[in-house]
Amino acid sequence: MAGLPGHPMGQAAMGQPLVLEFHIFIDPLDASASSSSHLARCRAAAVALSGRLAPRLRRAAWNCEPFALVLWDPSEPASRRGSEWAKSDSSSSLGRTGAEAHVWGQASVGESLDDEWFIVGLLLQLSVEQPDLSIAVADGDGELLLIEAAYAIPRWVTPERAPNRVFLRGGHVHIVPRGSGGNGDE
């Protein structure tokens, strides 16, 4: 799979510390809701989700660093500082700088697969506990969930077609099917 921008071989292959990045999208309460009300909802969700995760995170013994949840405010560039997603274009691992308001985070996991999968497990639990969440996860090697499921995914799913298609939702991994828009699919 293609790596994140600036790392075509992926962070792991280049001997750089592995960074796991995740984006938590919250369904709007109402399709006609304003972007400012959705931003306020995401701000409240960042606080609530952090509080819900705090007891589980305190028990963790991190190899490098724990993660924190941050509000992604499309009108505030500082809210996405450090995000590989913010640096990327629409064809790379996670997406665009102009994305809607959402909650995001990242953690340097070094070479610790335990930390990486602990975080993915927490995100999967969040998707069960709050079914209005869609969560994208990537590391320096690309769409983490897709890479791990390589032998079980449909043949049409390629690294070029995978960006913005793989999400955790309701405790399951979902792949947005072909023909659903985006990525130039028929």
# chains A, B, ... in the order shown; residues from 1 in each chain; ligands from 1
>>> residues_around(residues="A:Asp114", least_positions_apart="4", cutoff="10 Å", atoms="only C-alpha atoms", output="JSON, numbers by chain")
{"A": [61, 62, 63, 109, 118, 119, 120]}
>>> residues_around(residues="stretch 174-178 of chain A", least_positions_apart="2", cutoff="12 Å", atoms="only C-alpha atoms", output="PyMOL selection string")
chain A and resi 124+127+134-137+143+145-146+149+152-158+161-172+180-186
>>> atom_distance(atom1="atom CA of A:Phe67", atom2="atom CA of A:Val128")
19.7 Å
>>> atom_distance(atom1="atom CA of A:Glu65", atom2="atom CA of A:Arg41")
27.3 Å
>>> select_by_dssp(residues="stretch 127-182 of chain A", states="helix (DSSP H, G or I)", output="compact mmCIF listing (two decimals) with N, CA, C and O atoms, in the first residue's frame")
# COMPACT_ATOMS: atom_id res chain seq x y z
N SER A 127 -17.11 2.75 18.65
CA SER A 127 -18.09 2.63 17.56
C SER A 127 -19.29 1.78 17.96
O SER A 127 -20.38 1.95 17.42
N VAL A 128 -19.09 0.88 18.91
CA VAL A 128 -20.21 0.07 19.43
C VAL A 128 -21.02 0.90 20.42
O VAL A 128 -22.26 0.92 20.37
N GLU A 129 -20.34 1.59 21.32
CA GLU A 129 -21.00 2.37 22.36
C GLU A 129 -21.76 3.57 21.80
O GLU A 129 -22.75 3.98 22.37
N LEU A 144 -4.85 1.07 7.72
CA LEU A 144 -4.46 -0.03 8.60
C LEU A 144 -5.44 -1.20 8.54
O LEU A 144 -5.04 -2.35 8.41
N LEU A 145 -6.72 -0.92 8.64
CA LEU A 145 -7.72 -2.00 8.67
C LEU A 145 -7.76 -2.75 7.35
O LEU A 145 -7.93 -3.97 7.32
N LEU A 146 -7.57 -2.05 6.28
CA LEU A 146 -7.57 -2.68 4.96
C LEU A 146 -6.34 -3.56 4.77
O LEU A 146 -6.43 -4.66 4.24
N ILE A 147 -5.21 -3.08 5.25
CA ILE A 147 -3.98 -3.86 5.14
C ILE A 147 -4.12 -5.18 5.88
O ILE A 147 -3.76 -6.24 5.38
N GLU A 148 -4.71 -5.12 7.07
CA GLU A 148 -4.86 -6.33 7.89
C GLU A 148 -5.87 -7.30 7.30
O GLU A 148 -5.82 -8.49 7.57
>>> select_by_dssp(residues="stretch 30-112 of chain A", states="strand (DSSP E)", output="list in words")
Val70, Leu71, Trp72, His102, Val103, Trp104, Gly105, Gln106, Ala107, Ser108, Val109 and Gly110 of chain A
